[in-house]
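Have a look at target29.tsv below; it lists TSV, C-alpha atoms.
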```tsv
chain	number	residue	atom	x	y	z
A	1	MET	CA	130.30	23.18	123.74
A	2	THR	CA	128.04	24.13	126.67
A	3	THR	CA	124.28	23.71	126.64
A	4	ASP	CA	123.80	27.49	126.69
A	5	ASN	CA	126.06	27.89	123.71
A	6	ILE	CA	124.24	25.16	121.85
A	7	ASP	CA	120.88	26.84	122.62
A	8	ARG	CA	122.12	30.12	121.22
A	9	ASP	CA	123.69	28.40	118.25
A	10	VAL	CA	120.50	26.52	117.44
A	11	GLU	CA	118.38	29.64	117.61
A	12	ALA	CA	120.90	31.74	115.68
A	13	THR	CA	121.17	29.07	112.99
A	14	LEU	CA	117.41	28.85	112.64
A	15	ALA	CA	117.12	32.62	112.45
A	16	ARG	CA	119.88	32.83	109.87
A	17	HIS	CA	118.48	30.16	107.60
A	18	PHE	CA	114.84	31.16	107.81
A	19	VAL	CA	115.53	34.51	106.13
A	20	PHE	CA	113.94	34.46	102.69
A	21	ASP	CA	113.62	37.69	100.72
A	22	VAL	CA	110.88	37.93	98.13
A	23	PRO	CA	112.56	38.01	94.70
A	24	SER	CA	111.41	40.97	92.61
A	25	ASP	CA	109.79	38.83	89.90
A	26	ALA	CA	107.94	36.79	92.53
A	27	ARG	CA	106.82	40.02	94.17
A	28	ARG	CA	105.48	41.37	90.88
A	29	SER	CA	103.62	38.13	90.32
A	30	ILE	CA	102.05	38.28	93.80
A	31	ASP	CA	101.21	41.98	93.35
A	32	ARG	CA	99.42	41.28	90.08
A	33	ARG	CA	97.33	38.50	91.61
A	34	VAL	CA	96.33	40.58	94.61
A	35	GLN	CA	95.63	43.60	92.40
A	36	ALA	CA	93.35	41.50	90.22
A	37	ALA	CA	91.58	40.14	93.30
A	38	LEU	CA	91.03	43.65	94.62
A	39	SER	CA	89.60	44.82	91.30
A	40	ALA	CA	87.30	41.79	91.13
A	41	GLU	CA	86.19	42.30	94.72
A	42	GLU	CA	85.51	45.95	94.04
A	43	ARG	CA	83.28	45.07	91.11
A	44	TYR	CA	81.49	42.40	93.15
A	45	ARG	CA	80.84	44.83	96.00
A	46	ALA	CA	79.68	47.55	93.63
A	47	ARG	CA	77.25	45.08	92.08
A	48	ALA	CA	75.95	44.03	95.48
A	49	ALA	CA	75.64	47.57	96.81
A	50	SER	CA	72.35	49.30	97.53
A	51	PRO	CA	70.72	51.24	94.66
A	52	ARG	CA	71.07	54.31	96.85
A	53	ARG	CA	74.84	53.97	96.73
A	54	ARG	CA	76.38	57.14	95.45
A	55	PHE	CA	78.57	55.52	92.82
A	56	ALA	CA	76.52	53.41	90.48
A	57	LEU	CA	78.03	50.50	88.61
A	58	THR	CA	77.82	51.32	84.94
A	59	PRO	CA	79.53	49.97	81.86
A	60	ARG	CA	81.57	53.13	81.98
A	61	LEU	CA	82.67	52.47	85.53
A	62	LEU	CA	83.61	48.92	84.64
A	63	ALA	CA	85.62	50.25	81.73
A	64	GLY	CA	87.21	52.77	84.06
A	65	LEU	CA	88.16	50.04	86.49
A	66	GLY	CA	89.67	48.11	83.63
A	67	VAL	CA	91.71	51.12	82.60
A	68	ALA	CA	92.70	51.67	86.21
A	69	ALA	CA	93.78	48.05	86.53
A	70	ILE	CA	95.94	48.35	83.41
A	71	LEU	CA	97.47	51.58	84.62
A	72	LEU	CA	98.10	50.14	88.04
A	73	ALA	CA	99.57	46.96	86.61
A	74	SER	CA	101.91	48.95	84.40
A	75	THR	CA	102.86	51.13	87.34
A	76	ALA	CA	103.77	47.96	89.20
A	77	LEU	CA	106.61	47.38	86.78
A	78	ALA	CA	107.97	50.82	87.57
A	79	GLY	CA	107.96	50.18	91.32
A	80	GLY	CA	105.98	51.69	94.18
A	81	THR	CA	103.91	49.78	96.68
A	82	LEU	CA	100.54	48.28	96.03
A	83	PHE	CA	99.30	50.61	98.74
A	84	ASP	CA	100.53	53.61	96.74
A	85	ARG	CA	99.06	52.27	93.56
A	86	LEU	CA	95.68	51.83	95.16
A	87	VAL	CA	95.49	55.32	96.57
A	88	ALA	CA	93.42	56.49	93.66
A	89	GLY	CA	91.00	53.62	94.15
A	90	ALA	CA	90.08	54.30	97.74
A	91	PRO	CA	86.34	54.97	98.12
A	92	ILE	CA	86.95	57.05	101.21
A	93	LEU	CA	89.03	59.46	99.10
A	94	GLU	CA	86.34	59.59	96.43
A	95	GLN	CA	83.76	60.47	99.05
A	96	ARG	CA	85.93	63.20	100.47
A	97	ALA	CA	86.54	64.66	97.01
A	98	TRP	CA	82.80	64.76	96.30
A	99	GLN	CA	82.11	66.40	99.65
A	100	ASP	CA	84.86	69.02	99.59
A	101	ALA	CA	84.96	69.84	95.89
A	102	THR	CA	84.88	73.36	94.46
A	103	ASP	CA	82.10	73.95	91.97
A	104	ILE	CA	83.49	74.94	88.56
A	105	SER	CA	80.60	74.39	86.08
A	106	LEU	CA	82.44	75.43	82.92
A	107	SER	CA	81.23	74.03	79.58
A	108	VAL	CA	82.90	73.97	76.16
A	109	THR	CA	81.26	72.67	72.97
A	110	ASP	CA	83.25	71.38	70.00
A	111	ARG	CA	82.04	69.21	67.09
A	112	GLY	CA	78.68	68.70	68.73
A	113	TYR	CA	80.07	67.46	72.02
A	114	THR	CA	79.69	69.53	75.17
A	115	VAL	CA	82.24	68.79	77.88
A	116	THR	CA	81.57	70.25	81.32
A	117	LEU	CA	84.11	70.52	84.08
A	118	GLU	CA	81.69	70.11	86.97
A	119	TRP	CA	84.01	70.47	89.95
A	120	ALA	CA	87.60	70.09	91.09
A	121	HIS	CA	89.33	69.32	94.34
A	122	ILE	CA	92.90	69.00	95.65
A	123	ASP	CA	93.88	66.78	98.57
A	124	ARG	CA	95.83	69.41	100.48
A	125	GLU	CA	95.97	67.11	103.51
A	126	PRO	CA	95.76	63.68	101.95
A	127	LEU	CA	94.62	60.77	104.08
A	128	LEU	CA	97.28	58.75	102.34
A	129	ASP	CA	100.73	59.68	101.11
A	130	GLN	CA	99.98	60.91	97.62
A	131	GLU	CA	98.27	64.20	96.78
A	132	HIS	CA	95.76	64.25	93.95
A	133	LEU	CA	93.84	66.72	91.89
A	134	TRP	CA	90.32	65.40	91.40
A	135	VAL	CA	87.99	66.53	88.65
A	136	ALA	CA	84.44	65.54	87.76
A	137	VAL	CA	83.69	65.85	84.06
A	138	SER	CA	80.54	65.20	82.08
A	139	VAL	CA	80.11	64.84	78.32
A	140	ILE	CA	76.88	65.46	76.43
A	141	ALA	CA	76.67	64.49	72.76
A	142	ASP	CA	74.16	65.71	70.20
A	143	GLN	CA	73.78	62.11	69.16
A	144	GLY	CA	74.74	58.94	70.98
A	145	ALA	CA	77.09	58.76	73.93
A	146	ALA	CA	80.62	60.01	74.36
A	147	ASP	CA	83.28	59.74	77.01
A	148	ILE	CA	86.71	61.14	77.76
A	149	TRP	CA	89.50	59.50	75.78
A	150	GLU	CA	92.44	61.79	76.46
A	151	MET	CA	93.01	64.81	78.67
A	152	HIS	CA	95.84	66.67	80.37
A	153	VAL	CA	96.15	68.94	83.39
A	154	THR	CA	98.92	71.48	84.01
A	155	ASP	CA	99.32	74.03	86.75
A	156	ALA	CA	100.16	77.75	86.39
A	157	ASN	CA	103.88	76.93	86.11
A	158	GLY	CA	103.42	74.28	83.48
A	159	VAL	CA	103.78	71.32	85.85
A	160	ALA	CA	101.97	68.39	84.26
A	161	LEU	CA	99.93	66.12	86.50
A	162	SER	CA	100.22	62.53	85.40
A	163	GLY	CA	98.04	59.49	85.00
A	164	HIS	CA	94.39	60.36	85.02
A	165	VAL	CA	92.45	57.38	86.30
A	166	GLY	CA	88.70	57.04	85.94
A	167	LEU	CA	87.25	56.12	89.28
A	168	GLY	CA	83.48	56.14	89.02
A	169	THR	CA	80.48	58.25	88.28
A	170	GLY	CA	78.16	60.47	90.24
A	171	ASP	CA	74.98	62.33	89.56
A	172	ILE	CA	75.18	66.12	89.29
A	173	GLY	CA	71.80	67.73	88.65
A	174	GLY	CA	70.62	64.81	86.56
A	175	THR	CA	73.83	64.60	84.55
A	176	THR	CA	76.24	61.74	85.00
A	177	ALA	CA	79.73	63.02	85.71
A	178	SER	CA	82.85	60.91	85.74
A	179	LEU	CA	85.47	61.25	88.42
A	180	TYR	CA	89.18	61.35	87.58
A	181	ALA	CA	92.26	61.63	89.77
A	182	PHE	CA	95.56	63.15	88.67
A	183	ILE	CA	98.70	62.47	90.67
A	184	ILE	CA	100.49	65.55	91.95
A	185	PRO	CA	104.28	65.04	91.63
A	186	GLU	CA	105.89	64.44	94.99
A	187	GLY	CA	107.76	67.39	96.46
A	188	ILE	CA	106.33	69.94	94.03
A	189	ALA	CA	104.01	72.67	95.24
A	190	ILE	CA	101.53	73.15	92.45
A	191	SER	CA	99.54	76.36	92.09
A	192	GLY	CA	96.57	77.58	90.11
A	193	PRO	CA	95.10	78.58	87.87
A	194	PHE	CA	95.09	75.14	86.30
A	195	THR	CA	94.50	74.13	82.71
A	196	LEU	CA	92.45	71.10	81.80
A	197	GLU	CA	92.59	70.20	78.15
A	198	VAL	CA	90.49	67.41	76.71
A	199	THR	CA	92.02	66.47	73.36
A	200	ALA	CA	89.93	63.46	72.37
A	201	LEU	CA	86.62	61.80	73.18
A	202	GLU	CA	85.56	58.22	72.81
A	203	VAL	CA	82.58	58.00	70.51
A	204	ALA	CA	81.22	54.57	69.62
A	205	GLY	CA	84.54	53.06	70.63
A	206	GLU	CA	86.55	55.36	68.36
A	207	LYS	CA	88.95	58.15	69.27
A	208	THR	CA	87.44	61.47	68.21
A	209	PRO	CA	89.88	64.40	68.39
A	210	GLY	CA	88.76	67.88	69.42
A	211	THR	CA	89.62	70.71	71.77
A	212	TRP	CA	87.85	71.35	75.01
A	213	HIS	CA	89.95	73.77	77.03
A	214	PHE	CA	89.27	74.88	80.62
A	215	THR	CA	91.03	77.24	82.99
A	216	PHE	CA	90.05	76.93	86.62
A	217	ASP	CA	91.31	77.34	90.15
A	218	VAL	CA	90.75	75.54	93.41
A	219	PRO	CA	91.63	76.56	96.97
B	1	MET	CA	111.83	27.72	128.43
B	2	GLU	CA	110.56	30.67	126.43
B	3	VAL	CA	112.76	31.31	123.43
B	4	THR	CA	113.49	34.79	122.18
B	5	PRO	CA	112.46	35.68	118.65
B	6	ALA	CA	115.63	36.30	116.71
B	7	LEU	CA	114.13	38.18	113.79
B	8	ALA	CA	111.00	40.29	113.66
B	9	ALA	CA	109.66	41.13	117.10
B	10	PRO	CA	106.02	40.29	117.91
B	11	LEU	CA	103.70	43.08	116.85
B	12	PRO	CA	103.43	45.68	119.58
B	13	ALA	CA	99.99	46.40	121.01
B	14	ARG	CA	99.63	49.82	119.41
B	15	GLU	CA	100.26	48.28	115.99
B	16	LEU	CA	97.59	45.65	116.58
B	17	VAL	CA	95.11	48.42	117.24
B	18	GLY	CA	96.07	50.02	113.94
B	19	GLU	CA	95.93	46.72	112.09
B	20	ASP	CA	92.57	45.88	113.55
B	21	ARG	CA	91.29	49.21	112.33
B	22	LEU	CA	92.75	48.59	108.90
B	23	ALA	CA	91.22	45.12	108.78
B	24	VAL	CA	87.80	46.54	109.58
B	25	ASP	CA	88.26	49.34	107.03
B	26	ALA	CA	89.38	46.78	104.46
B	27	ARG	CA	85.81	45.47	104.31
B	28	GLU	CA	85.01	48.63	102.35
B	29	ASP	CA	88.30	50.19	101.39
B	30	PRO	CA	90.82	48.49	99.08
B	31	ALA	CA	93.58	50.86	100.20
B	32	ALA	CA	93.24	49.55	103.76
B	33	PHE	CA	93.62	45.99	102.53
B	34	ALA	CA	96.58	47.04	100.42
B	35	ALA	CA	98.25	48.49	103.52
B	36	LEU	CA	97.82	45.17	105.32
B	37	TYR	CA	99.18	43.41	102.26
B	38	GLU	CA	102.28	45.58	102.18
B	39	HIS	CA	102.92	44.97	105.85
B	40	HIS	CA	102.55	41.20	105.75
B	41	VAL	CA	103.45	39.99	102.26
B	42	GLU	CA	107.10	39.30	103.09
B	43	ARG	CA	106.22	37.55	106.33
B	44	VAL	CA	103.77	35.23	104.59
B	45	PHE	CA	106.28	34.46	101.84
B	46	ARG	CA	109.03	33.84	104.38
B	47	TYR	CA	106.79	31.53	106.41
B	48	LEU	CA	105.90	29.47	103.35
B	49	ARG	CA	109.53	29.21	102.29
B	50	ALA	CA	110.52	28.17	105.81
B	51	ARG	CA	107.81	25.50	105.71
B	52	GLY	CA	109.56	24.09	102.66
B	53	ALA	CA	107.74	25.57	99.69
B	54	PRO	CA	110.07	26.26	96.74
B	55	GLU	CA	110.20	29.86	95.57
B	56	GLU	CA	107.56	29.57	92.84
B	57	LEU	CA	105.11	27.69	95.03
B	58	ALA	CA	105.70	30.10	97.91
B	59	ALA	CA	104.84	33.04	95.62
B	60	ASP	CA	101.73	31.25	94.39
B	61	LEU	CA	100.58	30.40	97.92
B	62	THR	CA	101.35	33.91	99.16
B	63	ALA	CA	99.04	35.33	96.51
B	64	THR	CA	96.45	32.67	97.35
B	65	THR	CA	96.66	33.64	101.01
B	66	PHE	CA	95.84	37.27	100.30
B	67	GLU	CA	93.13	36.38	97.81
B	68	ARG	CA	91.43	34.25	100.45
B	69	ALA	CA	91.98	36.90	103.12
B	70	LEU	CA	90.33	39.50	100.90
B	71	VAL	CA	87.29	37.33	100.25
B	72	HIS	CA	86.91	36.47	103.94
B	73	ILE	CA	88.01	39.76	105.49
B	74	ASP	CA	84.48	40.19	106.88
B	75	ARG	CA	85.12	37.15	109.07
B	76	TYR	CA	88.13	38.67	110.80
B	77	ARG	CA	87.23	39.67	114.32
B	78	PRO	CA	89.52	42.25	115.98
B	79	GLY	CA	90.89	41.02	119.27
B	80	PRO	CA	93.98	40.30	121.31
B	81	ALA	CA	95.22	37.63	118.90
B	82	GLY	CA	95.66	40.23	116.17
B	83	PHE	CA	95.63	40.13	112.39
B	84	ALA	CA	98.95	38.32	111.75
B	85	PRO	CA	97.90	34.94	113.24
B	86	TRP	CA	94.60	35.08	111.32
B	87	LEU	CA	96.46	35.70	108.08
B	88	LEU	CA	99.12	33.07	108.75
B	89	ARG	CA	96.41	30.53	109.55
B	90	ILE	CA	95.14	31.10	106.01
B	91	ALA	CA	98.68	30.69	104.68
B	92	ARG	CA	99.12	27.50	106.68
B	93	ASN	CA	95.88	26.05	105.30
B	94	ALA	CA	96.91	27.03	101.77
B	95	TYR	CA	100.19	25.21	102.27
B	96	ILE	CA	98.44	22.13	103.62
B	97	ASP	CA	95.95	22.20	100.73
B	98	ALA	CA	98.80	22.43	98.23
B	99	GLY	CA	100.43	19.39	99.82
B	100	ARG	CA	97.20	17.44	99.48
B	101	ARG	CA	96.76	18.40	95.84
B	102	SER	CA	100.21	17.42	94.69
B	103	ARG	CA	103.11	15.29	95.74
B	104	PRO	CA	104.30	15.87	99.28
B	105	ILE	CA	106.16	19.15	99.61
B	106	ALA	CA	109.76	18.69	100.65
B	107	HIS	CA	110.45	19.73	104.20
B	108	LEU	CA	112.98	22.23	103.01
B	109	HIS	CA	114.01	22.73	99.43
B	110	GLU	CA	117.75	22.31	99.58
B	111	ALA	CA	118.60	23.79	96.19
B	112	ASP	CA	116.65	26.96	96.98
B	113	LEU	CA	118.20	27.24	100.38
B	114	LEU	CA	121.70	26.82	99.08
B	115	ALA	CA	121.19	29.39	96.35
B	116	ALA	CA	120.89	32.13	98.96
B	117	ASP	CA	124.35	31.63	100.41
B	118	GLY	CA	126.83	34.22	101.64
B	119	PRO	CA	129.00	36.53	99.59
B	120	SER	CA	132.30	34.61	99.48
B	121	LEU	CA	133.01	31.07	98.37
B	122	GLU	CA	134.29	30.20	101.81
B	123	ASP	CA	131.24	31.71	103.49
B	124	ALA	CA	129.04	29.92	101.01
B	125	ALA	CA	130.70	26.60	101.72
B	126	ILE	CA	130.31	27.04	105.48
B	127	ALA	CA	126.72	28.20	105.13
B	128	SER	CA	125.93	25.36	102.75
B	129	GLU	CA	127.25	22.78	105.13
B	130	GLU	CA	125.41	24.40	108.03
B	131	ARG	CA	122.20	24.43	106.04
B	132	ARG	CA	122.53	20.84	104.93
B	133	ARG	CA	122.96	19.87	108.51
B	134	LEU	CA	120.00	21.98	109.61
B	135	ILE	CA	117.81	20.54	106.86
B	136	ALA	CA	118.68	17.03	107.92
B	137	LEU	CA	117.99	17.79	111.57
B	138	LEU	CA	114.70	19.58	110.90
B	139	ALA	CA	113.52	16.73	108.72
B	140	GLU	CA	113.60	14.47	111.76
B	141	LEU	CA	111.22	16.67	113.74
B	142	PRO	CA	107.42	16.18	113.75
B	143	ASP	CA	105.64	18.49	111.30
B	144	ILE	CA	103.94	20.50	114.05
B	145	GLN	CA	107.31	21.31	115.59
B	146	ARG	CA	108.76	22.41	112.26
B	147	ASP	CA	105.69	24.58	111.79
B	148	ALA	CA	106.12	26.23	115.18
B	149	LEU	CA	109.81	26.85	114.50
B	150	ALA	CA	109.01	28.46	111.15
B	151	LEU	CA	106.43	30.74	112.77
B	152	ARG	CA	108.90	31.67	115.49
B	153	PHE	CA	112.12	32.13	113.55
B	154	ALA	CA	110.93	33.05	110.06
B	155	VAL	CA	108.00	35.26	111.04
B	156	GLY	CA	108.85	36.27	114.60
B	157	LEU	CA	105.55	35.41	116.24
B	158	SER	CA	105.18	35.09	120.00
B	159	SER	CA	104.16	31.76	121.56
B	160	ARG	CA	100.64	33.07	122.00
B	161	GLU	CA	100.41	34.06	118.33
B	162	ILE	CA	101.92	30.77	117.17
B	163	GLY	CA	99.36	28.93	119.30
B	164	ASP	CA	96.62	30.90	117.61
B	165	VAL	CA	97.91	29.82	114.21
B	166	ILE	CA	98.37	26.13	114.96
B	167	GLY	CA	95.40	25.76	117.30
B	168	LYS	CA	97.17	25.23	120.59
B	169	SER	CA	97.26	27.10	123.89
B	170	GLU	CA	100.13	29.41	124.70
B	171	ASP	CA	101.50	26.97	127.29
B	172	ALA	CA	101.26	24.02	124.93
B	173	THR	CA	103.03	26.05	122.25
B	174	LYS	CA	105.85	26.96	124.63
B	175	LYS	CA	106.30	23.28	125.44
B	176	LEU	CA	106.22	22.43	121.75
B	177	LEU	CA	108.96	24.95	120.97
B	178	THR	CA	111.01	23.82	123.93
B	179	ARG	CA	110.79	20.20	122.81
B	180	ALA	CA	111.69	21.14	119.22
B	181	LEU	CA	114.74	23.13	120.27
B	182	ALA	CA	115.78	20.41	122.72
B	183	ALA	CA	115.55	17.83	119.97
B	184	LEU	CA	117.67	19.97	117.67
B	185	ARG	CA	120.15	20.54	120.48
B	186	GLU	CA	120.41	16.82	121.14
B	187	SER	CA	120.93	16.12	117.46
B	188	ILE	CA	123.69	18.72	117.27
B	189	ARG	CA	125.38	17.32	120.37
B	190	HIS	CA	125.12	13.83	118.94
B	191	ASP	CA	126.62	14.98	115.64
B	192	ASP	CA	129.47	16.74	117.43
```
Spit out the file's structure as structure tokens when you get a sec.
Amino acid sequence: MTTDNIDRDVEATLARHFVFDVPSDARRSIDRRVQAALSAEERYRARAASPRRRFALTPRLLAGLGVAAILLASTALAGGTLFDRLVAGAPILEQRAWQDATDISLSVTDRGYTVTLEWAHIDREPLLDQEHLWVAVSVIADQGAADIWEMHVTDANGVALSGHVGLGTGDIGGTTASLYAFIIPEGIAISGPFTLEVTALEVAGEKTPGTWHFTFDVP
Amino acid sequence: MEVTPALAAPLPARELVGEDRLAVDAREDPAAFAALYEHHVERVFRYLRARGAPEELAADLTATTFERALVHIDRYRPGPAGFAPWLLRIARNAYIDAGRRSRPIAHLHEADLLAADGPSLEDAAIASEERRRLIALLAELPDIQRDALALRFAVGLSSREIGDVIGKSEDATKKLLTRALAALRESIRHDD
């Protein structure tokens, strides 16, 4: 065997035997750890942020992050990249939604709870791969505090937008509104008018059914 | 002698620009960090496995690497070295820390290596024998040489990038790789 051949053989052998694919269970385990680290880092940064920061850290936001983490973790089992799963958590997208949103300002009262759809926005040219419909919703209760427990969005053709994820809160005229993102199914052109139906609120930790129905459109 | 990476090519310059931008954005934006994670997770895992970490430990250290990178992302300074060497330096330190905490990590975990053999029994037998031989030969090399070989052939880094990871100049890294390959070559010739 010549020296040149041996050189090539050595390098080829090293290349061949240094190929290690990440097994799917190992990948899920790594994903979960990194996801948890990102959630923790997000909370730490929110806590350390200036009081003038647009999104305040509230118990509600923390709860929302928890819900988001659970949703994202469960999505991990169904596949998709961590990058995809974090799309809804990107502050830059939140900022853009707040800036470009269409004012809706529709209120519905049921059982003493007034739900207001403050604004909505669609990522027509998303910064990242996935398009989202964003809505900001506030809830005012006659007594105590209430929050969204369950809601659904469909477009004019009945296409359901999945997985609402609470992302944070913002101040709208002195009222605290919560921001939610709905994933627009890939490859489907959705069209308005849209229907947002809140079917339950969280009141003192309990699910409280009701009907708060909105029809709206966004450019 | 400058060896040619046999697997992943070194990151092209335009990608480094993009990665630097992502790394800076990642200070504020989790999606930017997630993009870096997606791009590098397999490389980090592969490096750790090539260093000798069994599958479970490699997964644990890969996660540790990204956890540490996230916490210290503010310390990353964009520059010609690029993001990959910075990240792999963290992985390398995590691997060294793990070795200090527990019993010495085997140079290469033979059972794991053999489990990933070819499709046929004959191929598997040939590959197994080849791997056994490689494991034995690599075990005779100094640790720094094994490290450089892993960074070259498992991750595909250039000599400059490898030097950045292991703390040596580009020229010194080239000499290190040359010596490592020459030693392997001599061992193979001796065996034959």
Identify, on the basis of all atoms listed in the file, every residue whose closest approach to Glu41 (chain A) does not exceed 9 Å; exclude the query and any residue fewer than 6 positions from it along the same chain; express the result as an mmCIF file with C-alpha atoms, in the coordinates of the input.
```cif
data_model
loop_
_atom_site.group_PDB
_atom_site.id
_atom_site.type_symbol
_atom_site.label_atom_id
_atom_site.label_comp_id
_atom_site.auth_asym_id
_atom_site.auth_seq_id
_atom_site.Cartn_x
_atom_site.Cartn_y
_atom_site.Cartn_z
ATOM 1 C CA PRO B 30 90.820 48.490 99.080
ATOM 2 C CA LEU B 70 90.330 39.500 100.900
ATOM 3 C CA VAL B 71 87.290 37.330 100.250
#
```
Practice prompt. Excluding Ile90 (chain B) and residues on its chain fewer than 3 positions from it, collect all residues at most 6 Å away from it, counting only C-alpha atoms, and give them as a ChimeraX atom specification.
Written response: /B:65,87,93
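As for CA of Ile73 (chain B) and CA of Leu36 (chain B), they are spaced 11.2 Å apart.
Across the model, the gap from CA of Leu57 (chain B) to CA of Leu176 (chain B) is 27.3 Å.
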Worksheet item: What gap, in Å, lies between CA of Ala145 (chain A) and CA of Leu38 (chain A)?
Response: 29.2 Å
Worksheet item: Got a sec: who's within 12 Å of Val203 (chain A), counting only C-alpha atoms, leaving out chain neighbours fewer than 5 positions off, as a PyMOL selection string?
Response: chain A and resi 111-113+139-149+208-210
Discussion item. Between B:Ile162, B:Ala23, B:Leu141, B:Ala63, which residue has the minimum interatomic distance to Ala182 (chain B), considering only C-alpha atoms?
Written reply: B:Leu141
Discussion item. So that I can see what lies close to Asp217 (chain A), please list as an NGL selection string the residues with an atom at most 7 Å from it, counting only C-alpha atoms and leaving out residues fewer than 3 positions away in the same chain.
Written reply: :A and (192-194)
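Compared by their closest atoms to chain A, and using all atoms listed in the file, the residues B:Val165, B:Ala59, B:Ala136, B:Ala69 rank with B:Ala59 nearest.
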Worksheet, complete the sentence: Among A:Phe214, A:Phe20, A:Phe182, A:Trp134, Val108 (chain A) is approached most closely, using all atoms listed in the file, by A:Phe214
Pull out region 155-166 of chain B, keep C-alpha atoms, and write it as a JSON list (two decimals), in the first residue's frame.
```json
[["chain", "number", "residue", "atom", "x", "y", "z"],
["B", 155, "VAL", "CA", -17.38, 18.30, 12.94],
["B", 156, "GLY", "CA", -15.54, 19.42, 9.81],
["B", 157, "LEU", "CA", -13.74, 22.42, 11.25],
["B", 158, "SER", "CA", -10.81, 24.07, 9.49],
["B", 159, "SER", "CA", -7.38, 24.15, 11.13],
["B", 160, "ARG", "CA", -7.94, 27.76, 12.12],
["B", 161, "GLU", "CA", -11.26, 26.91, 13.78],
["B", 162, "ILE", "CA", -9.81, 23.86, 15.52],
["B", 163, "GLY", "CA", -6.99, 26.03, 16.83],
["B", 164, "ASP", "CA", -9.55, 28.43, 18.21],
["B", 165, "VAL", "CA", -11.25, 25.59, 20.07],
["B", 166, "ILE", "CA", -8.15, 23.98, 21.53]]
```
